[in-house]
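What follows is protein05.pdb (PDB, C-alpha atoms).
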ATOM      1  CA  MET A   1       0.000   0.000   0.000
ATOM      2  CA  THR A   2       1.347   3.414  -0.933
ATOM      3  CA  PHE A   3       0.988   6.242   1.564
ATOM      4  CA  THR A   4      -0.360   9.537   0.296
ATOM      5  CA  THR A   5      -0.571  12.896   2.029
ATOM      6  CA  GLU A   6      -3.787  13.671   0.215
ATOM      7  CA  ALA A   7      -6.625  13.291   2.655
ATOM      8  CA  PRO A   8      -9.824  11.566   1.543
ATOM      9  CA  TRP A   9     -11.832  14.216   3.401
ATOM     10  CA  ARG A  10     -12.181  17.953   3.244
ATOM     11  CA  GLY A  11     -11.390  20.372   5.994
ATOM     12  CA  ARG A  12     -14.539  21.405   7.795
ATOM     13  CA  GLU A  13     -15.829  22.993  10.935
ATOM     14  CA  LEU A  14     -16.962  20.617  13.680
ATOM     15  CA  SER A  15     -19.684  21.045  16.253
ATOM     16  CA  GLU A  16     -18.898  20.925  19.959
ATOM     17  CA  SER A  17     -20.380  17.434  20.207
ATOM     18  CA  GLU A  18     -18.338  16.198  17.214
ATOM     19  CA  MET A  19     -15.112  17.526  18.737
ATOM     20  CA  ARG A  20     -15.954  16.000  22.123
ATOM     21  CA  GLN A  21     -16.660  12.655  20.463
ATOM     22  CA  VAL A  22     -13.399  12.748  18.502
ATOM     23  CA  MET A  23     -11.321  13.542  21.588
ATOM     24  CA  LEU A  24     -13.024  10.935  23.761
ATOM     25  CA  ASP A  25     -12.998   8.242  21.064
ATOM     26  CA  GLN A  26      -9.336   8.839  20.271
ATOM     27  CA  ILE A  27      -7.688   9.310  23.690
ATOM     28  CA  SER A  28      -9.998   8.600  26.632
ATOM     29  CA  ASP A  29      -8.348   5.178  26.967
ATOM     30  CA  LYS A  30      -4.799   6.513  26.490
ATOM     31  CA  VAL A  31      -2.722   7.717  29.421
ATOM     32  CA  CYS A  32      -1.007  11.103  29.229
ATOM     33  CA  TRP A  33       2.649  10.175  29.723
ATOM     34  CA  ARG A  34       4.466  13.412  28.950
ATOM     35  CA  VAL A  35       3.638  17.074  29.388
ATOM     36  CA  GLY A  36       5.987  19.918  28.608
ATOM     37  CA  LYS A  37       6.352  23.604  27.858
ATOM     38  CA  TYR A  38       7.869  25.408  24.908
ATOM     39  CA  LEU A  39       7.921  29.006  23.633
ATOM     40  CA  GLY A  40       6.582  30.892  26.628
ATOM     41  CA  SER A  41       3.368  29.295  27.841
ATOM     42  CA  MET A  42       2.779  26.898  24.961
ATOM     43  CA  LEU A  43       2.353  23.265  26.065
ATOM     44  CA  TYR A  44       2.368  19.775  24.601
ATOM     45  CA  MET A  45       0.859  16.540  25.911
ATOM     46  CA  ASP A  46       1.606  13.031  24.651
ATOM     47  CA  PHE A  47      -1.024  10.278  25.003
ATOM     48  CA  GLY A  48      -0.973   6.528  24.429
ATOM     49  CA  GLY A  49       1.883   4.480  23.079
ATOM     50  CA  VAL A  50       5.271   5.874  22.185
ATOM     51  CA  ILE A  51       6.056   6.209  18.487
ATOM     52  CA  GLN A  52       9.107   7.437  16.629
ATOM     53  CA  THR A  53       8.770  10.257  14.136
ATOM     54  CA  ARG A  54      11.443  11.734  11.961
ATOM     55  CA  THR A  55      12.118  15.397  11.589
ATOM     56  CA  VAL A  56      14.556  16.871   9.099
ATOM     57  CA  ARG A  57      17.455  16.415  11.516
ATOM     58  CA  ARG A  58      16.572  13.610  13.918
ATOM     59  CA  THR A  59      14.177  10.974  15.163
ATOM     60  CA  ILE A  60      12.038  11.906  18.168
ATOM     61  CA  LEU A  61       9.652  10.033  20.435
ATOM     62  CA  VAL A  62       6.067  11.262  20.688
ATOM     63  CA  GLY A  63       2.739   9.904  21.850
ATOM     64  CA  GLU A  64       0.504   8.108  19.409
ATOM     65  CA  ALA A  65      -1.775  11.115  19.990
ATOM     66  CA  THR A  66      -0.631  14.619  20.885
ATOM     67  CA  LEU A  67      -2.274  17.799  22.092
ATOM     68  CA  GLY A  68      -0.549  21.134  21.598
ATOM     69  CA  ILE A  69      -1.704  24.280  23.356
ATOM     70  CA  ARG A  70      -0.499  27.359  21.544
ATOM     71  CA  ASP A  71      -0.892  31.075  22.106
ATOM     72  CA  CYS A  72      -3.922  31.331  24.346
ATOM     73  CA  PHE A  73      -4.690  32.039  27.970
ATOM     74  CA  TRP A  74      -5.168  28.809  29.920
ATOM     75  CA  ILE A  75      -5.749  27.717  33.514
ATOM     76  CA  LEU A  76      -4.947  24.389  35.176
ATOM     77  CA  ALA A  77      -7.115  23.867  38.261
ATOM     78  CA  ASP A  78      -7.937  21.200  40.805
ATOM     79  CA  GLY A  79     -11.309  21.554  42.515
ATOM     80  CA  GLY A  80     -11.450  25.284  41.849
ATOM     81  CA  ARG A  81      -7.888  25.821  43.133
ATOM     82  CA  VAL A  82      -5.650  27.237  40.403
ATOM     83  CA  ILE A  83      -2.480  25.175  40.075
ATOM     84  CA  VAL A  84      -0.924  27.325  37.370
ATOM     85  CA  ASP A  85      -1.948  29.404  34.362
ATOM     86  CA  SER A  86      -0.334  30.647  31.176
ATOM     87  CA  GLU A  87       0.829  33.835  32.883
ATOM     88  CA  SER A  88       2.522  32.136  35.856
ATOM     89  CA  ILE A  89       4.143  29.086  34.213
ATOM     90  CA  THR A  90       7.942  29.292  34.068
ATOM     91  CA  ASP A  91      10.822  27.061  33.067
ATOM     92  CA  GLU A  92      11.554  26.683  36.780
ATOM     93  CA  ASN A  93       8.055  25.583  37.895
ATOM     94  CA  VAL A  94       6.843  23.660  34.836
ATOM     95  CA  ALA A  95       7.780  20.142  36.043
ATOM     96  CA  GLU A  96       6.139  20.649  39.438
ATOM     97  CA  LYS A  97       3.001  22.391  38.165
ATOM     98  CA  LEU A  98       2.223  20.036  35.257
ATOM     99  CA  LYS A  99       3.011  16.695  36.941
ATOM    100  CA  CYS A 100      -0.696  16.308  37.811
ATOM    101  CA  LEU A 101      -1.407  15.705  34.100
ATOM    102  CA  GLU A 102       0.952  12.750  33.794
ATOM    103  CA  GLY A 103      -0.549   9.299  34.223
ATOM    104  CA  VAL A 104      -4.159  10.439  33.797
ATOM    105  CA  PHE A 105      -6.827   9.990  31.111
ATOM    106  CA  LEU A 106      -9.024  12.562  29.388
ATOM    107  CA  ARG A 107     -12.601  12.098  30.624
ATOM    108  CA  ASN A 108     -14.536  14.977  29.051
ATOM    109  CA  LEU A 109     -14.464  18.103  26.919
ATOM    110  CA  VAL A 110     -16.897  20.827  27.967
ATOM    111  CA  VAL A 111     -17.529  24.197  26.322
ATOM    112  CA  ARG A 112     -18.666  26.811  28.819
ATOM    113  CA  GLU A 113     -20.609  29.987  28.053
ATOM    114  CA  SER A 114     -17.622  31.983  29.325
ATOM    115  CA  ASN A 115     -15.628  31.107  26.168
ATOM    116  CA  MET A 116     -13.663  28.442  28.004
ATOM    117  CA  VAL A 117     -13.111  24.907  26.753
ATOM    118  CA  ASP A 118     -12.478  22.553  29.667
ATOM    119  CA  LEU A 119     -10.510  19.353  29.309
ATOM    120  CA  VAL A 120     -11.483  17.260  32.326
ATOM    121  CA  PHE A 121      -9.038  14.540  33.369
ATOM    122  CA  SER A 122      -9.545  11.344  35.360
ATOM    123  CA  ASN A 123      -8.023  12.891  38.504
ATOM    124  CA  ASP A 124     -10.614  15.740  38.339
ATOM    125  CA  VAL A 125      -7.969  18.251  37.251
ATOM    126  CA  VAL A 126      -9.417  20.662  34.690
ATOM    127  CA  PHE A 127      -7.367  22.288  31.943
ATOM    128  CA  SER A 128      -9.307  25.330  30.683
ATOM    129  CA  LEU A 129      -8.528  27.060  27.380
ATOM    130  CA  ASP A 130      -9.754  30.589  26.758
ATOM    131  CA  THR A 131     -11.289  30.701  23.270
ATOM    132  CA  SER A 132     -12.076  34.421  23.421
ATOM    133  CA  ASN A 133      -8.626  35.026  21.882
ATOM    134  CA  LYS A 134      -7.473  37.293  24.705
ATOM    135  CA  TYR A 135      -3.933  37.220  23.262
ATOM    136  CA  ASP A 136      -5.082  38.143  19.721
ATOM    137  CA  ALA A 137      -3.502  35.037  18.199
ATOM    138  CA  GLU A 138      -3.734  34.634  14.461
ATOM    139  CA  ASP A 139      -2.893  30.925  14.490
ATOM    140  CA  ASP A 140      -4.858  28.021  15.951
ATOM    141  CA  ILE A 141      -4.886  28.048  19.751
ATOM    142  CA  ALA A 142      -4.822  24.264  20.100
ATOM    143  CA  GLU A 143      -4.034  21.286  17.884
ATOM    144  CA  PHE A 144      -4.922  17.659  18.476
ATOM    145  CA  VAL A 145      -3.195  15.034  16.340
ATOM    146  CA  ALA A 146      -5.088  11.736  16.475
ATOM    147  CA  PRO A 147      -3.374   8.333  16.221
ATOM    148  CA  ASN A 148      -4.370   8.121  12.542
ATOM    149  CA  GLY A 149      -2.573  11.403  11.796
ATOM    150  CA  ARG A 150      -5.730  13.483  11.372
ATOM    151  CA  ILE A 151      -5.370  17.003  12.730
ATOM    152  CA  TYR A 152      -8.106  18.760  14.706
ATOM    153  CA  THR A 153      -7.765  22.360  15.836
ATOM    154  CA  ILE A 154      -9.386  25.019  17.932
ATOM    155  CA  ARG A 155      -9.215  28.198  15.931
ATOM    156  CA  PRO A 156      -8.691  31.711  17.337
ATOM    157  CA  ASP A 157     -12.445  32.343  17.106
ATOM    158  CA  GLY A 158     -13.126  29.303  19.315
ATOM    159  CA  SER A 159     -14.448  27.091  16.529
ATOM    160  CA  PHE A 160     -13.427  23.450  16.140
ATOM    161  CA  PHE A 161     -11.989  22.339  12.821
ATOM    162  CA  LEU A 162     -10.924  19.115  11.100
ATOM    163  CA  SER A 163      -7.977  19.860   8.834
ATOM    164  CA  ASP A 164      -7.601  18.267   5.428
ATOM    165  CA  GLU A 165      -3.898  17.793   6.261
ATOM    166  CA  VAL A 166      -2.338  14.703   7.822
ATOM    167  CA  ASP A 167       0.627  14.477  10.188
ATOM    168  CA  THR A 168       2.726  12.438   7.770
ATOM    169  CA  ALA A 169       5.662  12.080  10.195
ATOM    170  CA  ARG A 170       3.593   9.464  12.047
ATOM    171  CA  PHE A 171       3.771   7.175   9.013
ATOM    172  CA  VAL A 172       7.510   7.309   8.323
ATOM    173  CA  GLN A 173       9.253   4.244   9.737
TER     174      GLN A 173
END
Now, as a test, write the supplied structure out as structure tokens.
Amino acid sequence: MTFTTEAPWRGRELSESEMRQVMLDQISDKVCWRVGKYLGSMLYMDFGGVIQTRTVRRTILVGEATLGIRDCFWILADGGRVIVDSESITDENVAEKLKCLEGVFLRNLVVRESNMVDLVFSNDVVFSLDTSNKYDAEDDIAEFVAPNGRIYTIRPDGSFFLSDEVDTARFVQ
């Protein structure tokens, strides 16, 4: 079988329920095994099995599914107590503050009227993303790459979107 980067689907906007279903179907049974920070307050989370992908210069290990949080305001809370947010995360406190996301499963995705999207984890920790675009980002504020390489995003206007692109690095052995 020959791999192609041409997707057999077209990019389209998704409803809240479609996005919730995608996230839960794809990763609710996959443990989050790595969480990290890059470029200010941007985060990444790796879920499920470990796979090797190749970049231009090297091979790296990633989760079979990944979630990237880009330029948006976010809050990580436990029972209403703020653990950390995008304005207080630092290189010095990142390991301590994000360790509560390692070893847990995603249990729900909830869109609140306050323009927040909540990712609720199995330990009742809630990761809230502000979709009001407080930071005036022009790029997507979050990107979810499913195990099959399909890319789902949360756009700066808070809408959910299925890209017609595929993460081809997941298919290079």
Residues near stretch 82-87 of chain A, cut-off 8 Å, only C-alpha atoms, skip fewer than 3 positions along chain, as a PyMOL selection string: chain A and resi 41-42+72-78+97
Please write the residues from the selection above to a file, keeping C-alpha atoms, as a CSV table (one decimal), keeping the file's coordinate frame.
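File written: part.csv
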chain,number,residue,atom,x,y,z
A,41,SER,CA,3.4,29.3,27.8
A,42,MET,CA,2.8,26.9,25.0
A,72,CYS,CA,-3.9,31.3,24.3
A,73,PHE,CA,-4.7,32.0,28.0
A,74,TRP,CA,-5.2,28.8,29.9
A,75,ILE,CA,-5.7,27.7,33.5
A,76,LEU,CA,-4.9,24.4,35.2
A,77,ALA,CA,-7.1,23.9,38.3
A,78,ASP,CA,-7.9,21.2,40.8
A,97,LYS,CA,3.0,22.4,38.2
Among listed residues A:Val125, A:Val110, A:Ala146, A:Val22, nearest A:Asp46 (using all atoms listed in the file):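 Of A:Val125, A:Val110, A:Ala146, A:Val22, the one nearest A:Asp46, counting all atoms listed in the file, is A:Ala146.
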Residue contacts of A:Ser28 (6 Å, all atoms listed in the file) excluding same-chain residues fewer than 4 positions away, as a PyMOL selection string: chain A and resi 24+105-107
Would you export the selected residues with C-alpha atoms as a PDB file, in the coordinates of the input, please?
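The result, written out as result.pdb:
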ATOM      1  CA  LEU A  24     -13.024  10.935  23.761  1.00  0.00           C
ATOM      2  CA  PHE A 105      -6.827   9.990  31.111  1.00  0.00           C
ATOM      3  CA  LEU A 106      -9.024  12.562  29.388  1.00  0.00           C
ATOM      4  CA  ARG A 107     -12.601  12.098  30.624  1.00  0.00           C
TER       5      ARG A 107
END
Point-to-point distance in Å for atom CA of A:Ser128 and atom CA of A:Glu92: 21.8 Å
For atom CA of A:Ile151 and atom CA of A:Glu165, the interatomic separation in Å (one decimal): 6.7 Å
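For the residues A:Gly79, A:Gly68, A:Gly158, A:Gly149, ranking by smallest atom-to-atom distance to A:Val35 using only C-alpha atoms places A:Gly68 first.
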Could you tell me which residues the PyMOL selection byres ((chain A and resi 142) around 9) returns for this structure, as a CSV table (one decimal) with C-alpha atoms, in the frame of the given file?
chain,number,residue,atom,x,y,z
A,67,LEU,CA,-2.3,17.8,22.1
A,68,GLY,CA,-0.5,21.1,21.6
A,69,ILE,CA,-1.7,24.3,23.4
A,70,ARG,CA,-0.5,27.4,21.5
A,71,ASP,CA,-0.9,31.1,22.1
A,72,CYS,CA,-3.9,31.3,24.3
A,129,LEU,CA,-8.5,27.1,27.4
A,139,ASP,CA,-2.9,30.9,14.5
A,140,ASP,CA,-4.9,28.0,16.0
A,141,ILE,CA,-4.9,28.0,19.8
A,143,GLU,CA,-4.0,21.3,17.9
A,144,PHE,CA,-4.9,17.7,18.5
A,152,TYR,CA,-8.1,18.8,14.7
A,153,THR,CA,-7.8,22.4,15.8
A,154,ILE,CA,-9.4,25.0,17.9
A,155,ARG,CA,-9.2,28.2,15.9
A,156,PRO,CA,-8.7,31.7,17.3
Matched chain/residue IDs from the PyMOL selection byres ((chain A and resi 36) around 8), as a ChimeraX atom specification: /A:34-35,37-38,43-45,94-95,98
Output of the PyMOL selection byres ((chain A and resi 19) around 10), listed as number ranges by chain: A: 13-18, 20-25, 109-110, 152-154, 159-162
Neighbours of point (-1.3, 13.1, 37.9) within 10 Å, using all atoms listed in the file, written as JSON, numbers by chain: {"A": [32, 33, 98, 99, 100, 101, 102, 103, 104, 105, 121, 122, 123, 124, 125]}
For atom CA of A:Ser163 and atom CA of A:Arg150, the interatomic separation in Å (one decimal):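 Spanning atom CA of A:Ser163 to atom CA of A:Arg150 is a straight-line distance of 7.2 Å.
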For A:Met116: contacts at 7 Å, all atoms listed in the file, fewer than 2 positions along chain excluded, given as a ChimeraX atom specification: /A:111-112,114,118,128-131
Box centre and edge lengths (Å, one decimal), axis-aligned, stretch 143-151 of chain A plus 5 Å each side, as lines of an AutoDock Vina configuration file:
center_x = -4.2
center_y = 14.7
center_z = 14.9
size_x = 13.2
size_y = 23.2
size_z = 17.1
Among the residues A:Asn133, A:Val117, A:Pro147, A:Asp164, the one that comes closest to A:Phe47 [using all atoms listed in the file]: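 Going through A:Asn133, A:Val117, A:Pro147, A:Asp164 one by one, the smallest distance to A:Phe47 is for A:Pro147.
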Please rebuild stretch 55-72 of chain A with N, CA and C atoms and return the result as an mmCIF file, in the coordinates of the input.
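Dumped everything to result_39.cif:
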data_model
loop_
_atom_site.group_PDB
_atom_site.id
_atom_site.type_symbol
_atom_site.label_atom_id
_atom_site.label_comp_id
_atom_site.auth_asym_id
_atom_site.auth_seq_id
_atom_site.Cartn_x
_atom_site.Cartn_y
_atom_site.Cartn_z
ATOM 1 N N THR A 55 12.112 14.015 12.037
ATOM 2 C CA THR A 55 12.118 15.397 11.589
ATOM 3 C C THR A 55 13.230 15.509 10.551
ATOM 4 N N VAL A 56 13.503 16.685 10.089
ATOM 5 C CA VAL A 56 14.556 16.871 9.099
ATOM 6 C C VAL A 56 15.906 16.425 9.653
ATOM 7 N N ARG A 57 16.131 16.661 10.949
ATOM 8 C CA ARG A 57 17.455 16.415 11.516
ATOM 9 C C ARG A 57 17.572 15.184 12.405
ATOM 10 N N ARG A 58 16.445 14.701 12.954
ATOM 11 C CA ARG A 58 16.572 13.610 13.918
ATOM 12 C C ARG A 58 15.262 12.852 14.090
ATOM 13 N N THR A 59 15.349 11.756 14.805
ATOM 14 C CA THR A 59 14.177 10.974 15.163
ATOM 15 C C THR A 59 13.790 11.340 16.587
ATOM 16 N N ILE A 60 12.504 11.556 16.825
ATOM 17 C CA ILE A 60 12.038 11.906 18.168
ATOM 18 C C ILE A 60 10.918 10.956 18.585
ATOM 19 N N LEU A 61 10.723 10.848 19.886
ATOM 20 C CA LEU A 61 9.652 10.033 20.435
ATOM 21 C C LEU A 61 8.480 10.929 20.796
ATOM 22 N N VAL A 62 7.286 10.524 20.377
ATOM 23 C CA VAL A 62 6.067 11.262 20.688
ATOM 24 C C VAL A 62 4.975 10.257 21.051
ATOM 25 N N GLY A 63 3.875 10.763 21.567
ATOM 26 C CA GLY A 63 2.739 9.904 21.850
ATOM 27 C C GLY A 63 2.002 9.557 20.573
ATOM 28 N N GLU A 64 1.275 8.457 20.602
ATOM 29 C CA GLU A 64 0.504 8.108 19.409
ATOM 30 C C GLU A 64 -0.564 9.157 19.130
ATOM 31 N N ALA A 65 -0.920 9.943 20.147
ATOM 32 C CA ALA A 65 -1.775 11.115 19.990
ATOM 33 C C ALA A 65 -1.124 12.256 20.756
ATOM 34 N N THR A 66 -1.229 13.460 20.219
ATOM 35 C CA THR A 66 -0.631 14.619 20.885
ATOM 36 C C THR A 66 -1.628 15.772 20.933
ATOM 37 N N LEU A 67 -1.479 16.584 21.949
ATOM 38 C CA LEU A 67 -2.274 17.799 22.092
ATOM 39 C C LEU A 67 -1.314 18.942 22.315
ATOM 40 N N GLY A 68 -1.391 19.949 21.465
ATOM 41 C CA GLY A 68 -0.549 21.134 21.598
ATOM 42 C C GLY A 68 -1.406 22.335 21.929
ATOM 43 N N ILE A 69 -1.018 23.049 22.966
ATOM 44 C CA ILE A 69 -1.704 24.280 23.356
ATOM 45 C C ILE A 69 -0.801 25.425 22.923
ATOM 46 N N ARG A 70 -1.320 26.295 22.111
ATOM 47 C CA ARG A 70 -0.499 27.359 21.544
ATOM 48 C C ARG A 70 -0.743 28.668 22.274
ATOM 49 N N ASP A 71 -0.846 29.733 21.524
ATOM 50 C CA ASP A 71 -0.892 31.075 22.106
ATOM 51 C C ASP A 71 -2.298 31.436 22.566
ATOM 52 N N CYS A 72 -2.645 30.967 23.764
ATOM 53 C CA CYS A 72 -3.922 31.331 24.346
ATOM 54 C C CYS A 72 -3.778 31.363 25.865
#
